[in-house]
Structures are given as structure tokens and as C-alpha cells.
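A.B. asks: Input file: my_file31.cif. Contents: mmCIF, C-alpha atoms.
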```
data_my_file
loop_
_atom_site.label_atom_id
_atom_site.label_comp_id
_atom_site.auth_asym_id
_atom_site.auth_seq_id
_atom_site.Cartn_x
_atom_site.Cartn_y
_atom_site.Cartn_z
CA MET A 1 45.35 158.87 -16.66
CA ASP A 2 44.45 161.72 -19.03
CA PHE A 3 42.48 164.77 -17.93
CA ASP A 4 39.06 163.62 -19.19
CA ALA A 5 39.36 160.20 -17.52
CA PHE A 6 40.57 161.84 -14.31
CA GLU A 7 37.65 164.27 -14.30
CA ARG A 8 35.13 161.47 -14.81
CA ALA A 9 36.70 159.29 -12.13
CA SER A 10 36.84 162.20 -9.66
CA HIS A 11 33.17 163.09 -10.09
CA LYS A 12 32.19 159.44 -9.80
CA VAL A 13 34.02 159.10 -6.48
CA PHE A 14 32.68 162.45 -5.25
CA GLU A 15 29.07 161.57 -6.07
CA GLY A 16 29.48 158.15 -4.44
CA ILE A 17 30.27 159.72 -1.05
CA PRO A 18 27.11 159.85 1.09
CA GLN A 19 25.28 163.17 0.84
CA ARG A 20 25.48 163.83 4.58
CA TYR A 21 29.27 164.18 4.25
CA ARG A 22 28.84 166.60 1.34
CA GLU A 23 26.28 168.85 3.02
CA GLY A 24 27.21 172.46 2.33
CA VAL A 25 29.63 171.58 -0.50
CA ALA A 26 28.72 173.52 -3.64
CA GLY A 27 30.54 171.08 -5.88
CA LEU A 28 33.78 169.65 -7.22
CA VAL A 29 36.03 171.45 -9.69
CA VAL A 30 38.86 169.64 -11.50
CA ARG A 31 41.67 171.85 -12.81
CA ARG A 32 44.36 171.01 -15.34
CA ASP A 33 47.43 172.84 -14.07
CA PRO A 34 49.78 171.48 -11.41
CA VAL A 35 50.03 173.48 -8.19
CA PRO A 36 53.57 173.42 -6.76
CA HIS A 37 53.61 173.54 -2.98
CA PRO A 38 54.39 177.11 -1.83
CA ARG A 39 57.17 176.02 0.55
CA PHE A 40 58.45 172.58 -0.46
CA SER A 41 60.35 172.08 -3.72
CA GLY A 42 59.27 169.09 -5.83
CA ILE A 43 55.99 168.72 -3.90
CA TYR A 44 52.54 169.46 -5.30
CA THR A 45 49.17 170.37 -3.82
CA LEU A 46 46.69 167.66 -4.88
CA GLY A 47 43.49 169.23 -3.65
CA GLU A 48 41.98 172.14 -1.76
CA CYS A 49 38.82 172.92 0.16
CA VAL A 50 37.88 176.55 -0.36
CA THR A 51 35.44 177.54 2.37
CA GLU A 52 33.67 180.79 3.06
CA ALA A 53 30.76 181.94 5.20
CA TYR A 54 27.86 183.58 3.43
CA PRO A 55 26.62 186.92 4.82
CA SER A 56 23.93 186.43 7.42
CA ASP A 57 22.48 188.11 10.49
CA TRP A 58 23.93 185.22 12.47
CA SER A 59 26.71 182.72 11.88
CA GLY A 60 26.66 178.97 12.14
CA PRO A 61 27.15 175.79 10.12
CA GLU A 62 24.22 176.63 7.84
CA THR A 63 26.06 179.69 6.50
CA VAL A 64 29.23 177.76 5.53
CA ARG A 65 29.77 176.74 1.89
CA SER A 66 32.77 175.02 0.35
CA MET A 67 34.12 174.16 -3.07
CA VAL A 68 36.45 171.16 -3.41
CA LEU A 69 39.25 171.47 -5.98
CA LEU A 70 41.39 168.69 -7.46
CA HIS A 71 44.51 169.51 -9.49
CA TRP A 72 45.03 166.95 -12.27
CA GLY A 73 48.47 168.34 -13.12
CA SER A 74 49.68 167.71 -9.57
CA PHE A 75 48.49 164.09 -9.71
CA ARG A 76 50.23 163.66 -13.07
CA SER A 77 53.50 165.10 -11.72
CA LEU A 78 53.48 162.62 -8.82
CA ALA A 79 52.54 159.71 -11.09
CA ARG A 80 55.48 160.45 -13.39
CA ALA A 81 57.87 160.23 -10.44
CA ASP A 82 56.33 157.05 -8.91
CA SER A 83 55.53 153.98 -11.01
CA THR A 84 53.37 152.59 -8.17
CA PHE A 85 51.13 155.66 -8.01
CA ASP A 86 47.48 154.57 -7.76
CA TRP A 87 45.35 157.27 -9.37
CA ARG A 88 41.97 156.09 -8.08
CA GLU A 89 43.16 155.47 -4.55
CA GLN A 90 44.71 158.94 -4.41
CA ILE A 91 41.55 160.55 -5.79
CA TRP A 92 39.61 158.92 -2.95
CA GLU A 93 42.17 159.87 -0.30
CA THR A 94 42.38 163.47 -1.47
CA LEU A 95 38.61 163.95 -1.74
CA THR A 96 37.90 162.50 1.71
CA HIS A 97 40.70 164.59 3.21
CA GLU A 98 39.33 167.81 1.74
CA LEU A 99 35.77 166.92 2.78
CA ARG A 100 37.02 166.42 6.32
CA HIS A 101 38.27 170.01 6.27
CA HIS A 102 34.79 171.08 5.20
CA LEU A 103 33.13 169.07 7.97
CA GLU A 104 35.49 170.65 10.51
CA SER A 105 34.33 174.06 9.28
CA LEU A 106 30.70 172.99 9.66
CA ALA A 107 31.40 171.91 13.24
CA ASP A 108 32.12 175.58 14.03
CA ARG A 109 34.64 174.52 16.66
CA ASP A 110 38.11 176.08 16.82
CA ASP A 111 39.65 172.92 18.25
CA LEU A 112 38.80 171.07 15.05
CA HIS A 113 40.29 173.60 12.65
CA GLY A 114 42.83 171.66 10.59
CA VAL A 115 46.35 172.97 10.95
CA ASP A 116 45.53 174.98 14.09
CA TYR A 117 44.42 171.78 15.81
CA ALA A 118 47.53 169.94 14.61
CA MET A 119 49.78 172.73 15.90
CA GLU A 120 48.05 172.57 19.28
CA GLN A 121 48.64 168.82 19.46
CA THR A 122 52.29 169.31 18.42
CA PHE A 123 52.72 171.65 21.38
CA LEU A 124 51.20 169.09 23.76
CA ARG A 125 53.51 166.41 22.39
CA ASP A 126 56.58 168.63 22.77
CA GLU A 127 55.57 169.36 26.36
CA GLY A 128 55.27 165.66 27.16
CA GLN A 129 51.51 165.85 27.63
CA GLU A 130 48.84 163.54 26.23
CA PHE A 131 48.11 164.22 22.55
CA ALA A 132 46.06 162.72 19.72
CA PRO A 133 48.38 160.25 17.88
CA ASP A 134 46.83 161.06 14.49
CA TYR A 135 47.06 164.84 14.87
CA TYR A 136 49.30 165.21 11.82
CA ARG A 137 46.45 164.00 9.58
CA HIS A 138 44.66 167.30 10.28
CA GLY A 139 47.41 169.13 8.41
CA ASP A 140 47.65 169.66 4.65
CA ARG A 141 47.78 166.46 2.63
CA ILE A 142 50.58 167.05 0.12
CA GLY A 143 51.05 163.53 -1.22
CA PRO A 144 50.10 159.88 -0.71
CA GLY A 145 50.36 159.42 3.06
CA VAL A 146 52.26 162.72 3.39
CA TYR A 147 51.01 165.56 5.61
CA ALA A 148 52.39 169.03 6.32
CA VAL A 149 51.89 170.98 9.54
CA GLU A 150 53.63 174.32 9.02
CA ASP A 151 57.34 173.41 8.55
CA GLU A 152 56.95 169.81 9.73
CA VAL A 153 56.22 166.98 7.32
CA TYR A 154 54.94 163.55 8.36
CA ILE A 155 55.33 160.55 6.08
CA GLU A 156 53.01 157.75 7.17
CA GLN A 157 53.82 154.07 6.63
CA GLN A 158 51.81 151.02 7.74
CA TRP A 159 53.68 148.06 9.18
CA THR A 160 53.10 144.82 11.03
CA ALA A 161 55.37 144.04 13.98
CA SER A 162 56.81 140.99 12.21
CA ALA A 163 57.60 142.89 9.02
CA LEU A 164 59.34 145.67 10.93
CA ALA A 165 61.35 143.15 12.94
CA ALA A 166 62.62 141.66 9.69
CA ALA A 167 63.46 145.02 8.13
CA ARG A 168 67.00 146.36 8.28
CA ASP A 169 66.02 149.85 7.26
CA LEU A 170 63.10 151.99 6.13
CA ARG A 171 62.82 153.68 2.76
CA PHE A 172 61.04 156.92 2.04
CA SER A 173 60.96 159.50 -0.74
CA TRP A 174 61.00 163.25 -0.46
CA ALA A 175 61.32 165.91 -3.19
CA ASP A 176 62.22 163.37 -5.89
CA ARG A 177 64.96 161.75 -3.79
CA THR A 178 65.02 158.41 -1.98
CA TYR A 179 66.37 158.05 1.56
CA ARG A 180 66.76 155.30 4.10
CA VAL A 181 66.97 155.19 7.89
CA ALA A 182 67.65 152.36 10.29
CA ALA A 183 64.52 150.51 11.37
CA PRO A 184 63.61 150.93 15.06
CA ALA A 185 63.53 147.89 17.30
CA GLU A 186 59.87 148.29 18.31
CA LEU A 187 56.73 149.28 16.46
CA GLY A 188 54.13 150.03 19.12
CA ASP A 189 50.80 151.25 17.72
CA VAL A 190 52.26 154.49 16.39
CA HIS A 191 55.99 155.16 16.23
CA PHE A 192 57.27 158.65 15.35
CA VAL A 193 60.75 158.42 13.82
CA VAL A 194 62.26 161.90 13.86
CA VAL A 195 64.71 162.32 10.98
CA ALA A 196 67.34 164.28 12.91
CA GLU A 197 69.92 164.55 10.12
CA GLY A 198 70.40 163.78 6.45
CA VAL A 199 67.51 165.74 4.93
CA PRO A 200 67.94 169.53 4.69
CA ALA A 201 65.43 171.51 6.73
CA PRO A 202 62.95 173.01 6.46
CA PRO A 203 60.84 171.02 6.39
CA PHE A 204 61.54 168.87 9.41
CA LEU A 205 60.67 165.27 8.52
CA GLU A 206 59.21 162.49 10.61
CA LEU A 207 58.25 159.01 9.59
CA VAL A 208 55.07 157.81 11.28
CA LEU A 209 55.02 154.04 11.50
CA VAL A 210 51.45 152.90 12.10
CA ARG A 211 50.72 149.33 13.10
CA ARG A 212 48.28 147.84 10.62
CA PRO A 213 45.04 146.93 12.46
CA ALA A 214 44.34 143.22 12.58
CA SER A 215 40.57 143.75 12.37
CA TRP A 216 37.87 146.38 12.06
CA ARG A 217 37.21 146.04 15.80
CA GLU A 218 40.76 147.11 16.54
CA ARG A 219 40.43 150.07 14.18
CA ILE A 220 37.31 151.22 16.04
CA ARG A 221 39.00 150.70 19.42
CA ARG A 222 41.86 152.95 18.41
CA ALA A 223 39.49 155.66 17.19
CA LEU A 224 37.37 155.60 20.35
CA ARG A 225 40.18 155.16 22.86
CA PRO A 226 43.26 157.07 21.63
CA SER A 227 44.70 157.04 25.15
CA ALA A 228 45.03 153.25 24.87
CA VAL A 229 47.27 153.57 21.80
CA ARG A 230 50.93 152.83 22.53
CA VAL A 231 53.00 155.69 21.08
CA LEU A 232 56.78 155.50 20.68
CA GLU A 233 59.34 158.01 19.46
CA SER A 234 62.92 157.68 18.26
CA GLU A 235 65.48 159.55 16.17
CA ALA A 236 67.27 158.43 13.02
CA VAL A 237 69.82 159.73 10.53
CA ALA A 238 68.85 159.54 6.86
CA GLU A 239 71.19 158.38 4.12
CA PRO A 240 70.60 158.67 0.38
CA GLY A 241 69.84 155.67 -1.75
CA LYS A 242 67.85 152.48 -1.60
CA PRO A 243 67.85 150.22 1.45
CA SER A 244 70.16 147.23 1.43
CA ASN A 245 68.66 143.82 0.74
#
```
For the file at hand, write its structure as C-alpha cells.

C.D. replies:
Amino acid sequence: MDFDAFERASHKVFEGIPQRYREGVAGLVVRRDPVPHPRFSGIYTLGECVTEAYPSDWSGPETVRSMVLLHWGSFRSLARADSTFDWREQIWETLTHELRHHLESLADRDDLHGVDYAMEQTFLRDEGQEFAPDYYRHGDRIGPGVYAVEDEVYIEQQWTASALAAARDLRFSWADRTYRVAAPAELGDVHFVVVAEGVPAPPFLELVLVRRPASWRERIRRALRPSAVRVLESEAVAEPGKPSN
């Protein structure tokens, strides 16, 4: 997709999002140049939400304004490396992710502040306490289904229990290389597969296997009752190359 088509498609998606989710957003800016990720080689920043509070005698959501940025060059770099890259789907995913960061700023609540919230949930998980299973999604979205929380990267994949049971291994890509790990025996609702070896750190990689909801009712149930979600965790060693057939 060339720059002009990308810019048109991005504005069309942006303007199609209900106004209440864009309240306080000054607009959308599409830039040409790619933005390499500051820490991870071969990874690009797709979008940003630049937020600032306007001077006022008091502070609150009404004083917060944001500008959403999309980086066409970053999308193009990813598309060149992945023949299955879906431009329009990734425009939608990136825009909604950045708008969520804006809405968190409007909420004026520290516990909803992106990476800080994700780091807090990481601590709870490490301590064996109850945590939000989707906490990693509050981090920086650095690719399709890929999220960064400081030096930890989460690669999300959706599976059904039957498909996972039939799989011998799982394939994932990172920094222009393909890896595989052995498939775990169980899926649960969310299964964190910690890649213990095989990929140089940092970052520290985890695959997040999410069971595909069977219906919209199940999706709502998970959102409203995260404590009812069955969360599993295992470790795996990554090997280079494609999975065996």
C-alpha cells in the first residue's frame, strides 16, 4: 500500500470510530518515515499517542489533549518481511490501541496508565497473586499481536483446544527470524509460554496462547469476570527454523 492510499485508509478508519472514543483527540497525523524501536533491533513503532495537559487552574480529563500518529514506513517495513501482513487490519488495531492510551489518560487514574499498569500486574503475577490476564495489552504495541512491557515482549496467538492438541510445535517470528517451540499439552483460557532459552535477551519473550472465544457471550464473560479465566504457564526452549509438518 503506497503512502497516499495508506493515509486515506487511516483517516477513513479513524473517522469511522465513534466520536465518544475520540473525545479530546486533536487529530490523526500520518508520517512517511519508519520509526525503529529504540530497544529492539528489526522492530518498528507503528503508532504513537502523544498526550499533554493544557495549562489550567485545575487539572482533569477536560484539560487532556492527544494527537495520534501512524508511521507508514514502519507498516511498510513489516509488510515487506511478512507476505500475510494485512494493512487494513493493522491500521485498525494500531489506531484502537493508541486511542485506548488516550482514554486511559482521560480517566485520570494512575492504575490505568499503560505500561505502569502492566508493570504492576507483572509484579502481582511474579508474586503468585491474582492479576489481569490481558495486562500485557496495556504495554506498547510494536507489531501485529506483539506487545512490549519494558524488556519483556509478549507475542499473542489465538488457538482452539483441538488445534493446539493437534499441533506438534508453535511458530513465531521475532526480529526477522522464525523460531519454534514445543506445543504445551493444555490450552486453558490464557497460556503464558515463557521462552526460557533460544532467543537472546533482552527482550525476554513469552508466547501468550489465547483460547478463541466460541461466542460473543463468552467474550463478554471473560471481560467482566477475569477471575474466572483459567490461566496456565509453562516454559519452552526455542529453536530456529520452521515447525515440522

A.B. asks: What are the centre and the three edge lengths of an axis-aligned box that wraps all atoms of stretch 8-24 of chain A in the file, given that 4 Å is added to every side, written as JSON and rounded to one decimal in Å?

C.D. replies:
```
{"center_x": 31.1, "center_y": 165.3, "center_z": -5.1, "size_x": 19.6, "size_y": 22.3, "size_z": 27.4}
```

A.B. asks: May I ask for the distance between atom CA of A:Arg141 and atom CA of A:Ala165, given in Å to one decimal place?

C.D. replies: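 Taking atom CA of A:Arg141 as the start and atom CA of A:Ala165 as the end point, the length is 28.9 Å.
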
A.B. asks: Determine the nearest neighbour of A:Pro144 from the options A:Phe40, A:Trp87, A:Phe204, A:Trp159, counting all atoms listed in the file.

C.D. replies: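 Residue with the minimum atom-to-atom distance to A:Pro144: A:Trp87.
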
A.B. asks: What is the atom CA of A:Thr84-atom CA of A:Gln158 distance in Å, reported with one decimal?

C.D. replies: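 For atom CA of A:Thr84 relative to atom CA of A:Gln158, the distance reads 16.1 Å.
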
A.B. asks: In Å, with one decimal, what is the gap from atom CA of A:Phe75 to atom CA of A:Leu46?

C.D. replies: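 Value for the atom CA of A:Phe75-atom CA of A:Leu46 distance: 6.3 Å.
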
A.B. asks: With the file shown as input, list the residues that the PyMOL selection byres ((chain A and resi 180-196) around 7) selects, as JSON, numbers by chain.

C.D. replies: {"A": [161, 165, 167, 168, 169, 170, 171, 172, 179, 197, 205, 206, 207, 208, 209, 210, 211, 229, 230, 231, 232, 233, 234, 235, 236, 237, 238, 239, 240, 241, 242, 243]}

A.B. asks: Pick the closest to A:Tyr117 from A:Arg100, A:His11, A:Arg137, A:Arg88: which is it, counting only C-alpha atoms?

C.D. replies: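 Checking each of A:Arg100, A:His11, A:Arg137, A:Arg88 against A:Tyr117, counting only C-alpha atoms, the winner is A:Arg137.
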
A.B. asks: Determine, counting all atoms listed in the file, which protein, DNA and RNA residues have an atom within 6 Å of an atom of A:Tyr44; residues of the same chain fewer than 2 positions away are not included. Present the result as a CSV table (one decimal) with C-alpha atoms, in the coordinates of the input.

C.D. replies:
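Dumped everything to result.csv:
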```
chain,number,residue,atom,x,y,z
A,35,VAL,CA,50.0,173.5,-8.2
A,36,PRO,CA,53.6,173.4,-6.8
A,37,HIS,CA,53.6,173.5,-3.0
A,74,SER,CA,49.7,167.7,-9.6
```
